[in-house]
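Here the structure comes first, spelled out in structure tokens, and everything after it is commentary.
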Number of protein chains: 2
Amino acid sequence: MAAKRSGAQGKRPQRASVSLQSAEPPLSLERIVATAVDLLDAQGVDGLTMRRLADRLGSGAMSLYWHVDNKEEVFDLALDSVLAYRGPQQLVETQDWRGEVVHMLEDWRAIMLRHPWSASLLPRRALGPSILGRLELLSKTLSRAGVADADLNVALWSLWNYVMGATITRASFDVSDDDRAAAQQRLTRLSERYPTIERSRLLLDSDWDGAFRKGLGFLLDGVAPKQ
Amino acid sequence: MAAKRSGAQGKRPQRASVSLQSAEPPLSLERIVATAVDLLDAQGVDGLTMRRLADRLGSGAMSLYWHVDNKEEVFDLALDSVLAYRGPQQLVETQDWRGEVVHMLEDWRAIMLRHPWSASLLPRRALGPSILGRLELLSKTLSRAGVADADLNVALWSLWNYVMGATITRASFDVSDDDRAAAQQRLTRLSERYPTIERSRLLLDSDWDGAFRKGLGFLLDGVAPKQ
DNA sequence: ACCTGAACACCGTTCAAGT
DNA sequence: ACCTGAACACCGTTCAAGT
């Protein structure tokens, strides 16, 4: 009936038998968050359920609520844990601000694509420390590159918008690869109505990485301080 | 207990009494979709429930399933109905391709902001006729402006990404206006960690429309055919 | 301090049945 | 052809209770 779980144990974790090697470590915020990320990676946003999460942790469903206020908080914490920036925290003194910015944004995008649920979650929720850290670093880099204070927010939001849009789109298209082919088929059938995008095979053109870099380049041309 | 419904009738629509003026028109796809849009506008994505939708339509919950396969289809139809393009379908012959593109994209964005649930829904679902029509028109305009076929997809996806990112972000920030102020407050308290974005008051800078237009300008500079 | 089960008020959807 | 209620297998969360 339910989707079969190919994994280890059955429905009821065998906690009654004490001394076997199944002794689960005690619940903790860290374990909860880490397991939530695993579950999200495996099952997507809709797959994360308080009951399922508790199951994976070998605990009762309600035990979670001692560590966490509600499901929203689980999402916030999982998101922030995934977005943590593992690059150099202070800036290396470099002349190549463009290279740095591209690197930061590609890293950000790559991480979100590795956890395809994360991108679409990010805009709806409060900005956690991880993402604020990334924005701060980006902002500092642009500022040092000579972008005027008055232009900083426009630059930052433009880049943010572009990265988020690209990543959300890419992540969803990834999920529905067949759908995409089917859509292009349907499109071909309707080629009198949509001749231009049919001809360019818009829905099948899959050099996402190249397109991302190129569009980002355009944006950086505009953002660059005019000397 | 439940959120109070300030509207007209109570829980059970009075369909037993026949000849009163409450005679609901029969169910139809159009009525279902239109009511779904209303409900989404009023309550957001999570507010759309098959049961609530049926309630608004004065029908039993299961009646919907004769007209519609499942809830997903309701989302698809509501989205496509909202995104319908009401501008001139064939191109006016004009020299000002930039103006046309800006107009199309601002119209697209404005419509999504008028239905704040729509933007975040769009990337996940199959592209319906409305959005394909918009892409076709945009593509045709760029093509006529002289963008080479080989560059068309990159241009289209760059613009798409930017518009989607900007609109999704804007729509979510709109919802949580207080949260945003709270976030900026929290940020001020942490100003040693995030000095740059604190100083620029990134989270409070609300000239969204101006920022959108400016970033779009950057992108169009890059997309423009080099003569 | 930490964990639990029963219970409540919801969901989407199947199915067999009504007109 | 169109609509319905009962029922199933789920949800998130409250609460009173256990250790």
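Lettering and numbering for the structure tokens are positional, with chains as A, B, ... in the shown order, residues counted from 1 in each chain, and ligands counted from 1 in the shown order.
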Chain A contacts to chain B at 6 Å (only C-alpha atoms) as a list in words: Pro123, Arg124, Glu136, Asn153, Val154, Ser158, Asn161, Tyr162, Met164, Gly165, Ala166, Thr169, Ser172, Tyr194, Ile197, Leu202, Ala211, Gly215, Phe218, Leu219 and Gly222 of chain A
Kindly provide, as an mmCIF file with N, CA and C atoms, in the first residue's frame, the residues of chain A having any atom no farther than 12 Å from an atom of chain D, counting only C-alpha atoms (C1' of nucleotides).
data_model
loop_
_atom_site.group_PDB
_atom_site.id
_atom_site.type_symbol
_atom_site.label_atom_id
_atom_site.label_comp_id
_atom_site.auth_asym_id
_atom_site.auth_seq_id
_atom_site.Cartn_x
_atom_site.Cartn_y
_atom_site.Cartn_z
ATOM 1 N N MET A 1 0.832 -1.200 0.000
ATOM 2 C CA MET A 1 0.000 0.000 0.000
ATOM 3 C C MET A 1 0.867 1.250 0.000
ATOM 4 N N ALA A 2 1.550 1.465 1.130
ATOM 5 C CA ALA A 2 2.470 2.599 1.160
ATOM 6 C C ALA A 2 3.659 2.294 0.266
ATOM 7 N N ASP A 46 7.547 17.685 -0.082
ATOM 8 C CA ASP A 46 6.330 17.034 0.386
ATOM 9 C C ASP A 46 6.621 15.759 1.152
ATOM 10 N N GLY A 47 7.840 15.252 0.996
ATOM 11 C CA GLY A 47 8.193 14.018 1.676
ATOM 12 C C GLY A 47 8.554 14.227 3.136
ATOM 13 N N LEU A 48 8.813 15.465 3.510
ATOM 14 C CA LEU A 48 9.166 15.736 4.905
ATOM 15 C C LEU A 48 7.920 15.849 5.760
ATOM 16 N N THR A 49 7.799 14.901 6.655
ATOM 17 C CA THR A 49 6.641 14.819 7.521
ATOM 18 C C THR A 49 7.150 14.617 8.934
ATOM 19 N N MET A 50 6.534 15.261 9.875
ATOM 20 C CA MET A 50 7.004 15.113 11.242
ATOM 21 C C MET A 50 7.010 13.642 11.641
ATOM 22 N N ARG A 51 5.997 12.933 11.218
ATOM 23 C CA ARG A 51 5.915 11.521 11.575
ATOM 24 C C ARG A 51 7.025 10.708 10.931
ATOM 25 N N ARG A 52 7.274 10.973 9.648
ATOM 26 C CA ARG A 52 8.327 10.237 8.961
ATOM 27 C C ARG A 52 9.700 10.577 9.525
ATOM 28 N N ALA A 61 6.655 10.403 17.300
ATOM 29 C CA ALA A 61 6.464 11.613 16.504
ATOM 30 C C ALA A 61 6.485 12.862 17.374
ATOM 31 N N MET A 62 5.945 12.763 18.545
ATOM 32 C CA MET A 62 5.797 13.955 19.374
ATOM 33 C C MET A 62 7.078 14.366 20.084
ATOM 34 N N SER A 63 8.033 13.490 20.102
ATOM 35 C CA SER A 63 9.295 13.804 20.768
ATOM 36 C C SER A 63 9.985 14.995 20.121
ATOM 37 N N LEU A 64 9.778 15.136 18.826
ATOM 38 C CA LEU A 64 10.405 16.236 18.111
ATOM 39 C C LEU A 64 10.019 17.576 18.703
ATOM 40 N N TYR A 65 8.789 17.644 19.181
ATOM 41 C CA TYR A 65 8.280 18.945 19.605
ATOM 42 C C TYR A 65 8.909 19.444 20.891
ATOM 43 N N ASP A 69 9.875 23.999 17.731
ATOM 44 C CA ASP A 69 8.542 24.550 17.916
ATOM 45 C C ASP A 69 7.510 23.911 17.001
ATOM 46 N N ASN A 70 7.858 23.800 15.737
ATOM 47 C CA ASN A 70 6.917 23.265 14.762
ATOM 48 C C ASN A 70 7.663 22.897 13.482
ATOM 49 N N LYS A 71 6.912 22.464 12.504
ATOM 50 C CA LYS A 71 7.521 22.006 11.264
ATOM 51 C C LYS A 71 8.255 23.133 10.542
ATOM 52 N N GLU A 72 7.702 24.326 10.602
ATOM 53 C CA GLU A 72 8.349 25.480 9.993
ATOM 54 C C GLU A 72 9.798 25.610 10.447
#
Test item, helix (DSSP H, G or I) assignment across segment 22-112 of chain B, answer as a VMD selection string: chain B and resid 29 to 43 45 to 47 50 to 56 61 to 67 71 to 83 97 to 112
All residues 8 Å or closer to segment 29-45 of chain B, only C-alpha atoms (C1' of nucleotides), same chain fewer than 2 positions away omitted, as a PyMOL selection string: chain B and resi 27+47-48+53+56-57+64+67-68+74+77-78+81-82+115-117
